[in-house]
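**Q** Input file: final_15.txt. Contents: compact mmCIF, N, CA and C atoms.
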```txt
# COMPACT_ATOMS: atom_id res chain seq x y z
N MET G 70 26.39 5.07 -15.49
CA MET G 70 25.67 6.30 -15.30
C MET G 70 24.23 6.03 -14.83
N ILE G 71 23.57 5.06 -15.46
CA ILE G 71 22.20 4.74 -15.08
C ILE G 71 22.15 4.25 -13.64
N LYS G 72 23.13 3.46 -13.22
CA LYS G 72 23.16 2.97 -11.84
C LYS G 72 23.26 4.12 -10.85
N LEU G 73 23.91 5.20 -11.24
CA LEU G 73 24.02 6.36 -10.35
C LEU G 73 22.72 7.17 -10.32
N LEU G 74 21.99 7.20 -11.42
CA LEU G 74 20.77 7.98 -11.49
C LEU G 74 19.59 7.29 -10.81
N LEU G 75 19.57 5.98 -10.74
CA LEU G 75 18.46 5.26 -10.13
C LEU G 75 18.25 5.65 -8.68
N PRO G 76 19.28 5.64 -7.82
CA PRO G 76 19.05 6.06 -6.43
C PRO G 76 18.58 7.51 -6.33
N LEU G 77 19.08 8.38 -7.19
CA LEU G 77 18.66 9.77 -7.19
C LEU G 77 17.18 9.88 -7.58
N GLY G 78 16.78 9.13 -8.58
CA GLY G 78 15.39 9.13 -9.01
C GLY G 78 14.45 8.64 -7.92
N LEU G 79 14.84 7.57 -7.23
CA LEU G 79 14.02 7.04 -6.14
C LEU G 79 13.93 8.05 -5.00
N ALA G 80 15.03 8.72 -4.69
CA ALA G 80 15.03 9.73 -3.63
C ALA G 80 14.10 10.89 -3.99
N LEU G 81 14.12 11.32 -5.25
CA LEU G 81 13.24 12.40 -5.68
C LEU G 81 11.78 11.98 -5.61
N LEU G 82 11.49 10.76 -6.01
CA LEU G 82 10.13 10.25 -5.96
C LEU G 82 9.64 10.20 -4.52
N LEU G 83 10.48 9.73 -3.63
CA LEU G 83 10.11 9.64 -2.22
C LEU G 83 9.88 11.03 -1.65
N SER G 84 10.75 11.96 -1.94
CA SER G 84 10.61 13.31 -1.40
C SER G 84 9.36 14.00 -1.95
N ALA G 85 9.01 13.73 -3.20
CA ALA G 85 7.81 14.33 -3.78
C ALA G 85 6.57 13.84 -3.05
N CYS G 86 6.51 12.56 -2.74
CA CYS G 86 5.36 12.02 -2.02
C CYS G 86 5.35 12.53 -0.58
N GLN G 87 6.51 12.69 0.01
CA GLN G 87 6.60 13.10 1.41
C GLN G 87 6.06 14.50 1.64
N GLN G 88 5.96 15.32 0.61
CA GLN G 88 5.47 16.68 0.79
C GLN G 88 4.09 16.70 1.43
N ASP G 89 3.25 15.74 1.12
CA ASP G 89 1.90 15.67 1.67
C ASP G 89 1.76 14.61 2.74
N CYS G 90 2.85 14.02 3.18
CA CYS G 90 2.80 12.94 4.16
C CYS G 90 2.74 13.48 5.57
N ASP G 91 2.05 12.76 6.43
CA ASP G 91 2.00 13.14 7.84
C ASP G 91 2.84 12.20 8.70
N GLY G 92 3.62 11.31 8.06
CA GLY G 92 4.47 10.38 8.79
C GLY G 92 3.82 9.03 9.06
N ASN G 93 2.52 8.92 8.79
CA ASN G 93 1.81 7.66 8.97
C ASN G 93 1.74 6.91 7.65
N VAL G 94 1.42 5.64 7.74
CA VAL G 94 1.19 4.81 6.55
C VAL G 94 -0.25 4.36 6.60
N TYR G 95 -0.94 4.53 5.47
CA TYR G 95 -2.35 4.18 5.35
C TYR G 95 -2.50 3.06 4.32
N VAL G 96 -3.51 2.22 4.52
CA VAL G 96 -3.80 1.14 3.58
C VAL G 96 -5.30 1.07 3.34
N LEU G 97 -5.69 0.42 2.26
CA LEU G 97 -7.08 0.08 2.02
C LEU G 97 -7.28 -1.35 2.50
N ALA G 98 -8.37 -1.59 3.20
CA ALA G 98 -8.64 -2.95 3.70
C ALA G 98 -10.14 -3.21 3.65
N GLN G 99 -10.47 -4.46 3.41
CA GLN G 99 -11.86 -4.89 3.37
C GLN G 99 -12.05 -6.00 4.39
N GLY G 100 -13.04 -5.86 5.25
CA GLY G 100 -13.39 -6.91 6.20
C GLY G 100 -12.39 -7.12 7.33
N LEU G 101 -11.57 -6.13 7.63
CA LEU G 101 -10.61 -6.25 8.72
C LEU G 101 -10.92 -5.21 9.79
N GLY G 102 -10.46 -5.48 11.02
CA GLY G 102 -10.68 -4.55 12.11
C GLY G 102 -9.38 -4.14 12.77
N ALA G 103 -9.50 -3.24 13.72
CA ALA G 103 -8.34 -2.75 14.45
C ALA G 103 -7.56 -3.91 15.04
N GLY G 104 -6.26 -3.85 14.92
CA GLY G 104 -5.37 -4.90 15.43
C GLY G 104 -5.02 -5.96 14.41
N ALA G 105 -5.80 -6.04 13.31
CA ALA G 105 -5.49 -7.02 12.27
C ALA G 105 -4.19 -6.62 11.57
N ALA G 106 -3.46 -7.60 11.10
CA ALA G 106 -2.20 -7.35 10.40
C ALA G 106 -2.41 -7.44 8.89
N VAL G 107 -1.74 -6.56 8.17
CA VAL G 107 -1.71 -6.62 6.70
C VAL G 107 -0.28 -6.96 6.30
N PRO G 108 -0.12 -7.74 5.22
CA PRO G 108 1.20 -8.26 4.90
C PRO G 108 2.15 -7.25 4.26
N GLY G 109 3.42 -7.46 4.52
CA GLY G 109 4.49 -6.72 3.88
C GLY G 109 5.12 -7.56 2.79
N LYS G 110 6.24 -7.12 2.31
CA LYS G 110 6.98 -7.79 1.24
C LYS G 110 7.36 -9.21 1.67
N MET G 111 7.18 -10.19 0.75
CA MET G 111 7.53 -11.58 1.04
C MET G 111 8.17 -12.24 -0.18
N LEU G 112 9.20 -13.01 0.06
CA LEU G 112 9.82 -13.83 -0.98
C LEU G 112 8.94 -15.05 -1.22
N PRO G 113 9.08 -15.73 -2.36
CA PRO G 113 8.26 -16.91 -2.61
C PRO G 113 8.33 -17.94 -1.48
N SER G 114 9.49 -18.11 -0.88
CA SER G 114 9.63 -19.10 0.20
C SER G 114 8.92 -18.68 1.50
N GLN G 115 8.54 -17.42 1.62
CA GLN G 115 7.88 -16.91 2.82
C GLN G 115 6.36 -16.89 2.72
N LEU G 116 5.83 -17.14 1.54
CA LEU G 116 4.39 -17.05 1.34
C LEU G 116 3.66 -18.17 2.06
N PRO G 117 2.57 -17.84 2.74
CA PRO G 117 1.78 -18.89 3.39
C PRO G 117 1.05 -19.72 2.35
N PRO G 118 0.71 -20.96 2.67
CA PRO G 118 -0.04 -21.79 1.73
C PRO G 118 -1.36 -21.11 1.35
N GLY G 119 -1.71 -21.20 0.09
CA GLY G 119 -2.97 -20.64 -0.38
C GLY G 119 -2.95 -19.14 -0.62
N PHE G 120 -1.77 -18.50 -0.58
CA PHE G 120 -1.70 -17.07 -0.83
C PHE G 120 -2.20 -16.81 -2.25
N PRO G 121 -3.06 -15.82 -2.45
CA PRO G 121 -3.65 -15.57 -3.79
C PRO G 121 -2.59 -15.31 -4.86
N ARG G 122 -2.56 -16.15 -5.86
CA ARG G 122 -1.57 -16.06 -6.93
C ARG G 122 -1.71 -14.78 -7.75
N ASP G 123 -2.93 -14.22 -7.82
CA ASP G 123 -3.13 -13.01 -8.61
C ASP G 123 -2.50 -11.78 -7.96
N GLN G 124 -1.99 -11.91 -6.73
CA GLN G 124 -1.34 -10.80 -6.05
C GLN G 124 0.18 -10.88 -6.10
N LEU G 125 0.71 -11.87 -6.82
CA LEU G 125 2.16 -12.07 -6.86
C LEU G 125 2.80 -11.38 -8.05
N SER G 126 4.05 -11.00 -7.88
CA SER G 126 4.85 -10.43 -8.96
C SER G 126 5.27 -11.55 -9.90
N SER G 127 5.83 -11.20 -11.04
CA SER G 127 6.22 -12.20 -12.03
C SER G 127 7.28 -13.18 -11.49
N ASP G 128 8.06 -12.77 -10.50
CA ASP G 128 9.07 -13.67 -9.92
C ASP G 128 8.51 -14.54 -8.80
N GLY G 129 7.20 -14.46 -8.53
CA GLY G 129 6.58 -15.27 -7.50
C GLY G 129 6.60 -14.66 -6.12
N SER G 130 7.16 -13.47 -5.97
CA SER G 130 7.19 -12.81 -4.67
C SER G 130 5.94 -11.93 -4.51
N TYR G 131 5.72 -11.47 -3.28
CA TYR G 131 4.64 -10.54 -2.99
C TYR G 131 5.27 -9.20 -2.64
N ALA G 132 4.87 -8.14 -3.30
CA ALA G 132 5.50 -6.83 -3.13
C ALA G 132 5.12 -6.15 -1.82
N GLY G 133 4.07 -6.63 -1.16
CA GLY G 133 3.59 -6.00 0.07
C GLY G 133 2.30 -5.26 -0.20
N ARG G 134 1.55 -5.00 0.86
CA ARG G 134 0.29 -4.28 0.74
C ARG G 134 0.56 -2.87 0.22
N LYS G 135 -0.28 -2.41 -0.67
CA LYS G 135 -0.13 -1.06 -1.22
C LYS G 135 -0.27 -0.06 -0.07
N ALA G 136 0.64 0.91 -0.03
CA ALA G 136 0.70 1.88 1.06
C ALA G 136 0.53 3.29 0.54
N TYR G 137 -0.05 4.13 1.36
CA TYR G 137 -0.30 5.53 1.01
C TYR G 137 0.21 6.41 2.14
N CYS G 138 0.68 7.60 1.78
CA CYS G 138 1.24 8.49 2.81
C CYS G 138 0.22 9.46 3.37
N ASN G 139 -1.01 9.42 2.87
CA ASN G 139 -2.07 10.22 3.46
C ASN G 139 -3.42 9.63 3.07
N VAL G 140 -4.46 10.07 3.76
CA VAL G 140 -5.81 9.56 3.53
C VAL G 140 -6.30 9.93 2.13
N ASN G 141 -5.98 11.13 1.67
CA ASN G 141 -6.42 11.56 0.34
C ASN G 141 -5.90 10.65 -0.77
N ALA G 142 -4.65 10.23 -0.66
CA ALA G 142 -4.07 9.34 -1.68
C ALA G 142 -4.78 7.99 -1.67
N ALA G 143 -5.07 7.47 -0.48
CA ALA G 143 -5.78 6.19 -0.38
C ALA G 143 -7.18 6.31 -0.95
N ARG G 144 -7.88 7.39 -0.62
CA ARG G 144 -9.24 7.61 -1.12
C ARG G 144 -9.23 7.71 -2.65
N SER G 145 -8.29 8.45 -3.20
CA SER G 145 -8.20 8.61 -4.65
C SER G 145 -7.96 7.28 -5.34
N ASP G 146 -7.06 6.45 -4.78
CA ASP G 146 -6.80 5.14 -5.38
C ASP G 146 -8.03 4.24 -5.26
N TYR G 147 -8.75 4.33 -4.14
CA TYR G 147 -9.99 3.56 -3.98
C TYR G 147 -10.96 3.94 -5.10
N GLN G 148 -11.16 5.24 -5.30
CA GLN G 148 -12.10 5.71 -6.32
C GLN G 148 -11.68 5.27 -7.72
N ASP G 149 -10.38 5.35 -8.02
CA ASP G 149 -9.88 4.88 -9.32
C ASP G 149 -10.10 3.38 -9.48
N SER G 150 -9.88 2.63 -8.42
CA SER G 150 -10.03 1.17 -8.46
C SER G 150 -11.49 0.78 -8.65
N VAL G 151 -12.42 1.51 -8.06
CA VAL G 151 -13.85 1.25 -8.25
C VAL G 151 -14.22 1.49 -9.70
N ARG G 152 -13.78 2.61 -10.26
CA ARG G 152 -14.09 2.92 -11.66
C ARG G 152 -13.52 1.86 -12.60
N ALA G 153 -12.36 1.31 -12.27
CA ALA G 153 -11.72 0.31 -13.13
C ALA G 153 -12.14 -1.13 -12.77
N ALA G 154 -13.04 -1.29 -11.81
CA ALA G 154 -13.54 -2.60 -11.37
C ALA G 154 -12.41 -3.51 -10.89
N ARG G 155 -11.41 -2.94 -10.18
CA ARG G 155 -10.31 -3.74 -9.64
C ARG G 155 -10.53 -4.16 -8.19
N LEU G 156 -11.61 -3.74 -7.57
CA LEU G 156 -11.88 -4.07 -6.18
C LEU G 156 -13.01 -5.09 -6.07
N THR G 157 -12.94 -5.91 -5.05
CA THR G 157 -14.02 -6.84 -4.73
C THR G 157 -15.20 -6.02 -4.22
N PRO G 158 -16.43 -6.31 -4.68
CA PRO G 158 -17.59 -5.56 -4.19
C PRO G 158 -17.71 -5.66 -2.67
N GLY G 159 -18.20 -4.60 -2.07
CA GLY G 159 -18.39 -4.56 -0.63
C GLY G 159 -17.73 -3.34 -0.03
N PRO G 160 -17.91 -3.17 1.27
CA PRO G 160 -17.34 -1.99 1.92
C PRO G 160 -15.83 -2.09 2.09
N TRP G 161 -15.15 -0.98 1.82
CA TRP G 161 -13.71 -0.87 1.99
C TRP G 161 -13.44 0.28 2.93
N SER G 162 -12.34 0.19 3.66
CA SER G 162 -11.97 1.25 4.59
C SER G 162 -10.54 1.70 4.36
N VAL G 163 -10.28 2.96 4.68
CA VAL G 163 -8.92 3.49 4.74
C VAL G 163 -8.50 3.39 6.20
N TRP G 164 -7.37 2.72 6.44
CA TRP G 164 -6.87 2.51 7.80
C TRP G 164 -5.50 3.16 7.97
N ARG G 165 -5.29 3.75 9.14
CA ARG G 165 -3.95 4.17 9.56
C ARG G 165 -3.33 2.95 10.21
N THR G 166 -2.07 2.68 9.88
CA THR G 166 -1.37 1.53 10.44
C THR G 166 -0.37 1.97 11.50
N ASP G 167 0.29 1.00 12.10
CA ASP G 167 1.34 1.32 13.08
C ASP G 167 2.70 1.53 12.41
N ALA G 168 2.72 1.53 11.08
CA ALA G 168 3.96 1.75 10.33
C ALA G 168 4.21 3.25 10.16
N HIS G 169 5.46 3.61 9.89
CA HIS G 169 5.84 5.02 9.74
C HIS G 169 6.49 5.27 8.38
N TRP G 170 6.05 6.35 7.73
CA TRP G 170 6.56 6.75 6.43
C TRP G 170 7.83 7.55 6.64
N PRO G 171 8.89 7.34 5.92
CA PRO G 171 9.11 6.51 4.75
C PRO G 171 9.81 5.19 5.06
N ASP G 172 10.19 4.98 6.32
CA ASP G 172 10.99 3.80 6.67
C ASP G 172 10.30 2.47 6.41
N ALA G 173 8.98 2.44 6.52
CA ALA G 173 8.24 1.17 6.44
C ALA G 173 7.76 0.83 5.03
N VAL G 174 8.13 1.64 4.04
CA VAL G 174 7.64 1.41 2.68
C VAL G 174 8.80 1.31 1.69
N HIS G 175 8.50 0.74 0.54
CA HIS G 175 9.48 0.69 -0.55
C HIS G 175 8.76 0.95 -1.86
N PRO G 176 9.44 1.57 -2.84
CA PRO G 176 8.81 1.81 -4.13
C PRO G 176 8.77 0.51 -4.94
N TYR G 177 7.59 0.12 -5.36
CA TYR G 177 7.42 -1.08 -6.17
C TYR G 177 7.45 -0.71 -7.64
N ARG G 178 6.70 0.30 -8.00
CA ARG G 178 6.66 0.89 -9.34
C ARG G 178 6.54 2.39 -9.13
N PRO G 179 6.69 3.19 -10.18
CA PRO G 179 6.50 4.63 -9.99
C PRO G 179 5.13 4.94 -9.37
N ALA G 180 5.15 5.74 -8.34
CA ALA G 180 3.93 6.14 -7.62
C ALA G 180 3.17 4.96 -7.01
N ASP G 181 3.83 3.86 -6.75
CA ASP G 181 3.23 2.67 -6.15
C ASP G 181 4.12 2.21 -5.00
N TRP G 182 3.76 2.60 -3.79
CA TRP G 182 4.53 2.27 -2.59
C TRP G 182 3.92 1.07 -1.90
N ARG G 183 4.77 0.21 -1.34
CA ARG G 183 4.32 -1.02 -0.68
C ARG G 183 4.96 -1.15 0.69
N LEU G 184 4.28 -1.89 1.58
CA LEU G 184 4.82 -2.14 2.91
C LEU G 184 6.04 -3.06 2.82
N ARG G 185 7.07 -2.73 3.56
CA ARG G 185 8.27 -3.59 3.64
C ARG G 185 8.01 -4.80 4.54
N ALA G 186 7.24 -4.60 5.60
CA ALA G 186 6.99 -5.63 6.60
C ALA G 186 5.52 -5.55 7.01
N PRO G 187 5.00 -6.57 7.67
CA PRO G 187 3.61 -6.51 8.11
C PRO G 187 3.36 -5.28 9.00
N ALA G 188 2.15 -4.78 8.95
CA ALA G 188 1.75 -3.65 9.79
C ALA G 188 0.38 -3.95 10.38
N ARG G 189 0.11 -3.39 11.53
CA ARG G 189 -1.19 -3.57 12.19
C ARG G 189 -2.09 -2.37 11.90
N LEU G 190 -3.38 -2.66 11.73
CA LEU G 190 -4.37 -1.61 11.55
C LEU G 190 -4.62 -0.95 12.90
N VAL G 191 -4.53 0.37 12.95
CA VAL G 191 -4.68 1.10 14.20
C VAL G 191 -6.01 1.83 14.29
N LYS G 192 -6.33 2.61 13.24
CA LYS G 192 -7.55 3.42 13.29
C LYS G 192 -8.19 3.49 11.92
N GLU G 193 -9.49 3.20 11.88
CA GLU G 193 -10.24 3.33 10.64
C GLU G 193 -10.50 4.82 10.40
N MET G 194 -10.05 5.31 9.25
CA MET G 194 -10.15 6.74 8.94
C MET G 194 -11.40 7.06 8.11
N GLU G 195 -11.76 6.18 7.19
CA GLU G 195 -12.92 6.37 6.31
C GLU G 195 -13.47 5.03 5.90
N GLN G 196 -14.77 5.00 5.59
CA GLN G 196 -15.40 3.82 5.02
C GLN G 196 -15.94 4.20 3.65
N HIS G 197 -15.85 3.25 2.70
CA HIS G 197 -16.32 3.47 1.33
C HIS G 197 -17.06 2.22 0.86
N GLY G 198 -17.97 2.40 -0.05
CA GLY G 198 -18.68 1.26 -0.64
C GLY G 198 -19.93 0.95 0.15
N SER G 199 -20.89 0.37 -0.54
CA SER G 199 -22.19 0.09 0.08
C SER G 199 -22.30 -1.32 0.62
N GLY G 200 -21.42 -2.21 0.17
CA GLY G 200 -21.54 -3.60 0.59
C GLY G 200 -22.42 -4.41 -0.34
N ASN G 201 -22.97 -3.78 -1.35
CA ASN G 201 -23.84 -4.49 -2.29
C ASN G 201 -23.07 -4.93 -3.50
```
In structure tokens, what does this structure look like?
**A**
Amino acid sequence: MIKLLLPLGLALLLSACQQDCDGNVYVLAQGLGAGAAVPGKMLPSQLPPGFPRDQLSSDGSYAGRKAYCNVNAARSDYQDSVRAARLTPGPWSVWRTDAHWPDAVHPYRPADWRLRAPARLVKEMEQHGSGN
């Protein structure tokens, strides 16, 4: 029974987020410019040497860059992350990528969507942080 409910639950979660989605995928990025690539999901064997260990899941894989279906969601997560001191000091930007919602994302945890594959930064939508 639980195996049958899991796909239904994921579908409901995806549809709830899609209500405010414009079809684009947005990410938070620091120190990157247009055309730069942000990583998607990777198995331990796919990780490049020196990949930050603090970004890995308990199984040693990387879930992919956190993805948002609109600018407001990215901005809200940025603000929450600043309050919780989870971000590196400096300027951060919200970027629209060349990925498309929902095909390019996967649910990592409830309300936590991640890129399935690498995506390129297309347009800087907002800048946040002072750089100090």
**Q** Excluding stretch 135-148 of chain G and any residue of its chain fewer than 4 positions from it, enumerate the residues within 7 Å of it, using only C-alpha atoms, and give them as an mmCIF file with N, CA and C atoms, keeping the file's coordinate frame.
**A**
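Full text of part_33.cif as output:
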```cif
data_model
loop_
_atom_site.group_PDB
_atom_site.id
_atom_site.type_symbol
_atom_site.label_atom_id
_atom_site.label_comp_id
_atom_site.auth_asym_id
_atom_site.auth_seq_id
_atom_site.Cartn_x
_atom_site.Cartn_y
_atom_site.Cartn_z
ATOM 1 N N ASP G 89 3.250 15.740 1.120
ATOM 2 C CA ASP G 89 1.900 15.670 1.670
ATOM 3 C C ASP G 89 1.760 14.610 2.740
ATOM 4 N N CYS G 90 2.850 14.020 3.180
ATOM 5 C CA CYS G 90 2.800 12.940 4.160
ATOM 6 C C CYS G 90 2.740 13.480 5.570
ATOM 7 N N ASP G 91 2.050 12.760 6.430
ATOM 8 C CA ASP G 91 2.000 13.140 7.840
ATOM 9 C C ASP G 91 2.840 12.200 8.700
ATOM 10 N N ASN G 93 2.520 8.920 8.790
ATOM 11 C CA ASN G 93 1.810 7.660 8.970
ATOM 12 C C ASN G 93 1.740 6.910 7.650
ATOM 13 N N VAL G 94 1.420 5.640 7.740
ATOM 14 C CA VAL G 94 1.190 4.810 6.550
ATOM 15 C C VAL G 94 -0.250 4.360 6.600
ATOM 16 N N TYR G 95 -0.940 4.530 5.470
ATOM 17 C CA TYR G 95 -2.350 4.180 5.350
ATOM 18 C C TYR G 95 -2.500 3.060 4.320
ATOM 19 N N VAL G 96 -3.510 2.220 4.520
ATOM 20 C CA VAL G 96 -3.800 1.140 3.580
ATOM 21 C C VAL G 96 -5.300 1.070 3.340
ATOM 22 N N LEU G 97 -5.690 0.420 2.260
ATOM 23 C CA LEU G 97 -7.080 0.080 2.020
ATOM 24 C C LEU G 97 -7.280 -1.350 2.500
ATOM 25 N N ARG G 152 -13.780 2.610 -10.260
ATOM 26 C CA ARG G 152 -14.090 2.920 -11.660
ATOM 27 C C ARG G 152 -13.520 1.860 -12.600
ATOM 28 N N VAL G 163 -10.280 2.960 4.680
ATOM 29 C CA VAL G 163 -8.920 3.490 4.740
ATOM 30 C C VAL G 163 -8.500 3.390 6.200
ATOM 31 N N TRP G 170 6.050 6.350 7.730
ATOM 32 C CA TRP G 170 6.560 6.750 6.430
ATOM 33 C C TRP G 170 7.830 7.550 6.640
ATOM 34 N N TRP G 182 3.760 2.600 -3.790
ATOM 35 C CA TRP G 182 4.530 2.270 -2.590
ATOM 36 C C TRP G 182 3.920 1.070 -1.900
ATOM 37 N N ARG G 183 4.770 0.210 -1.340
ATOM 38 C CA ARG G 183 4.320 -1.020 -0.680
ATOM 39 C C ARG G 183 4.960 -1.150 0.690
ATOM 40 N N LEU G 184 4.280 -1.890 1.580
ATOM 41 C CA LEU G 184 4.820 -2.140 2.910
ATOM 42 C C LEU G 184 6.040 -3.060 2.820
#
```
**Q** So that I can see what lies close to stretch 114-116 of chain G, please list as a PyMOL selection string the residues with an atom at most 12 Å from it, counting only C-alpha atoms and leaving out residues fewer than 6 positions away in the same chain.
**A** chain G and resi 108+122+124-125+128-133+186
**Q** Quick one: write out the picked residues with N, CA and C atoms as a short mmCIF file (atom, residue, chain, number, x, y, z; two decimals), keeping the file's coordinate frame?
**A**
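Once everything was written out, this is part33.cif:
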```cif
data_model
loop_
_atom_site.label_atom_id
_atom_site.label_comp_id
_atom_site.auth_asym_id
_atom_site.auth_seq_id
_atom_site.Cartn_x
_atom_site.Cartn_y
_atom_site.Cartn_z
N PRO G 108 -0.12 -7.74 5.22
CA PRO G 108 1.20 -8.26 4.90
C PRO G 108 2.15 -7.25 4.26
N ARG G 122 -2.56 -16.15 -5.86
CA ARG G 122 -1.57 -16.06 -6.93
C ARG G 122 -1.71 -14.78 -7.75
N GLN G 124 -1.99 -11.91 -6.73
CA GLN G 124 -1.34 -10.80 -6.05
C GLN G 124 0.18 -10.88 -6.10
N LEU G 125 0.71 -11.87 -6.82
CA LEU G 125 2.16 -12.07 -6.86
C LEU G 125 2.80 -11.38 -8.05
N ASP G 128 8.06 -12.77 -10.50
CA ASP G 128 9.07 -13.67 -9.92
C ASP G 128 8.51 -14.54 -8.80
N GLY G 129 7.20 -14.46 -8.53
CA GLY G 129 6.58 -15.27 -7.50
C GLY G 129 6.60 -14.66 -6.12
N SER G 130 7.16 -13.47 -5.97
CA SER G 130 7.19 -12.81 -4.67
C SER G 130 5.94 -11.93 -4.51
N TYR G 131 5.72 -11.47 -3.28
CA TYR G 131 4.64 -10.54 -2.99
C TYR G 131 5.27 -9.20 -2.64
N ALA G 132 4.87 -8.14 -3.30
CA ALA G 132 5.50 -6.83 -3.13
C ALA G 132 5.12 -6.15 -1.82
N GLY G 133 4.07 -6.63 -1.16
CA GLY G 133 3.59 -6.00 0.07
C GLY G 133 2.30 -5.26 -0.20
N ALA G 186 7.24 -4.60 5.60
CA ALA G 186 6.99 -5.63 6.60
C ALA G 186 5.52 -5.55 7.01
#
```
**Q** Can you list, as JSON, numbers by chain, all residues belonging to chain G that DSSP tags as strand (DSSP E)?
**A** {"G": [93, 94, 95, 96, 97, 98, 106, 107, 135, 136, 161, 162, 163, 164, 165, 166, 167, 168, 169, 174, 175, 176, 177, 178, 181, 182, 183, 184, 188, 189, 190, 191, 192, 193, 194, 195, 196, 197]}
**Q** Next, dump the selected residues to file, keeping only N, CA and C atoms, as a short mmCIF file (atom, residue, chain, number, x, y, z; two decimals), keeping the file's coordinate frame.
**A**
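What landed in part.cif:
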```cif
data_model
loop_
_atom_site.label_atom_id
_atom_site.label_comp_id
_atom_site.auth_asym_id
_atom_site.auth_seq_id
_atom_site.Cartn_x
_atom_site.Cartn_y
_atom_site.Cartn_z
N ASN G 93 2.52 8.92 8.79
CA ASN G 93 1.81 7.66 8.97
C ASN G 93 1.74 6.91 7.65
N VAL G 94 1.42 5.64 7.74
CA VAL G 94 1.19 4.81 6.55
C VAL G 94 -0.25 4.36 6.60
N TYR G 95 -0.94 4.53 5.47
CA TYR G 95 -2.35 4.18 5.35
C TYR G 95 -2.50 3.06 4.32
N VAL G 96 -3.51 2.22 4.52
CA VAL G 96 -3.80 1.14 3.58
C VAL G 96 -5.30 1.07 3.34
N LEU G 97 -5.69 0.42 2.26
CA LEU G 97 -7.08 0.08 2.02
C LEU G 97 -7.28 -1.35 2.50
N ALA G 98 -8.37 -1.59 3.20
CA ALA G 98 -8.64 -2.95 3.70
C ALA G 98 -10.14 -3.21 3.65
N ALA G 106 -3.46 -7.60 11.10
CA ALA G 106 -2.20 -7.35 10.40
C ALA G 106 -2.41 -7.44 8.89
N VAL G 107 -1.74 -6.56 8.17
CA VAL G 107 -1.71 -6.62 6.70
C VAL G 107 -0.28 -6.96 6.30
N LYS G 135 -0.28 -2.41 -0.67
CA LYS G 135 -0.13 -1.06 -1.22
C LYS G 135 -0.27 -0.06 -0.07
N ALA G 136 0.64 0.91 -0.03
CA ALA G 136 0.70 1.88 1.06
C ALA G 136 0.53 3.29 0.54
N TRP G 161 -15.15 -0.98 1.82
CA TRP G 161 -13.71 -0.87 1.99
C TRP G 161 -13.44 0.28 2.93
N SER G 162 -12.34 0.19 3.66
CA SER G 162 -11.97 1.25 4.59
C SER G 162 -10.54 1.70 4.36
N VAL G 163 -10.28 2.96 4.68
CA VAL G 163 -8.92 3.49 4.74
C VAL G 163 -8.50 3.39 6.20
N TRP G 164 -7.37 2.72 6.44
CA TRP G 164 -6.87 2.51 7.80
C TRP G 164 -5.50 3.16 7.97
N ARG G 165 -5.29 3.75 9.14
CA ARG G 165 -3.95 4.17 9.56
C ARG G 165 -3.33 2.95 10.21
N THR G 166 -2.07 2.68 9.88
CA THR G 166 -1.37 1.53 10.44
C THR G 166 -0.37 1.97 11.50
N ASP G 167 0.29 1.00 12.10
CA ASP G 167 1.34 1.32 13.08
C ASP G 167 2.70 1.53 12.41
N ALA G 168 2.72 1.53 11.08
CA ALA G 168 3.96 1.75 10.33
C ALA G 168 4.21 3.25 10.16
N HIS G 169 5.46 3.61 9.89
CA HIS G 169 5.84 5.02 9.74
C HIS G 169 6.49 5.27 8.38
N VAL G 174 8.13 1.64 4.04
CA VAL G 174 7.64 1.41 2.68
C VAL G 174 8.80 1.31 1.69
N HIS G 175 8.50 0.74 0.54
CA HIS G 175 9.48 0.69 -0.55
C HIS G 175 8.76 0.95 -1.86
N PRO G 176 9.44 1.57 -2.84
CA PRO G 176 8.81 1.81 -4.13
C PRO G 176 8.77 0.51 -4.94
N TYR G 177 7.59 0.12 -5.36
CA TYR G 177 7.42 -1.08 -6.17
C TYR G 177 7.45 -0.71 -7.64
N ARG G 178 6.70 0.30 -8.00
CA ARG G 178 6.66 0.89 -9.34
C ARG G 178 6.54 2.39 -9.13
N ASP G 181 3.83 3.86 -6.75
CA ASP G 181 3.23 2.67 -6.15
C ASP G 181 4.12 2.21 -5.00
N TRP G 182 3.76 2.60 -3.79
CA TRP G 182 4.53 2.27 -2.59
C TRP G 182 3.92 1.07 -1.90
N ARG G 183 4.77 0.21 -1.34
CA ARG G 183 4.32 -1.02 -0.68
C ARG G 183 4.96 -1.15 0.69
N LEU G 184 4.28 -1.89 1.58
CA LEU G 184 4.82 -2.14 2.91
C LEU G 184 6.04 -3.06 2.82
N ALA G 188 2.15 -4.78 8.95
CA ALA G 188 1.75 -3.65 9.79
C ALA G 188 0.38 -3.95 10.38
N ARG G 189 0.11 -3.39 11.53
CA ARG G 189 -1.19 -3.57 12.19
C ARG G 189 -2.09 -2.37 11.90
N LEU G 190 -3.38 -2.66 11.73
CA LEU G 190 -4.37 -1.61 11.55
C LEU G 190 -4.62 -0.95 12.90
N VAL G 191 -4.53 0.37 12.95
CA VAL G 191 -4.68 1.10 14.20
C VAL G 191 -6.01 1.83 14.29
N LYS G 192 -6.33 2.61 13.24
CA LYS G 192 -7.55 3.42 13.29
C LYS G 192 -8.19 3.49 11.92
N GLU G 193 -9.49 3.20 11.88
CA GLU G 193 -10.24 3.33 10.64
C GLU G 193 -10.50 4.82 10.40
N MET G 194 -10.05 5.31 9.25
CA MET G 194 -10.15 6.74 8.94
C MET G 194 -11.40 7.06 8.11
N GLU G 195 -11.76 6.18 7.19
CA GLU G 195 -12.92 6.37 6.31
C GLU G 195 -13.47 5.03 5.90
N GLN G 196 -14.77 5.00 5.59
CA GLN G 196 -15.40 3.82 5.02
C GLN G 196 -15.94 4.20 3.65
N HIS G 197 -15.85 3.25 2.70
CA HIS G 197 -16.32 3.47 1.33
C HIS G 197 -17.06 2.22 0.86
#
```
**Q** Just to confirm, what's the straight-line distance from atom CA of G:Pro179 to atom C of G:Arg134 in Å (one decimal)?
**A**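 Between atom CA of G:Pro179 and atom C of G:Arg134 the gap works out to 14.0 Å.
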**Q** So, with only N, CA and C atoms as the atoms that count, which of G:Gly119, G:Gly100, G:Pro113, G:Gly92 lies closest to G:Trp161?
**A**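 Selected residue with least distance to G:Trp161: G:Gly100.
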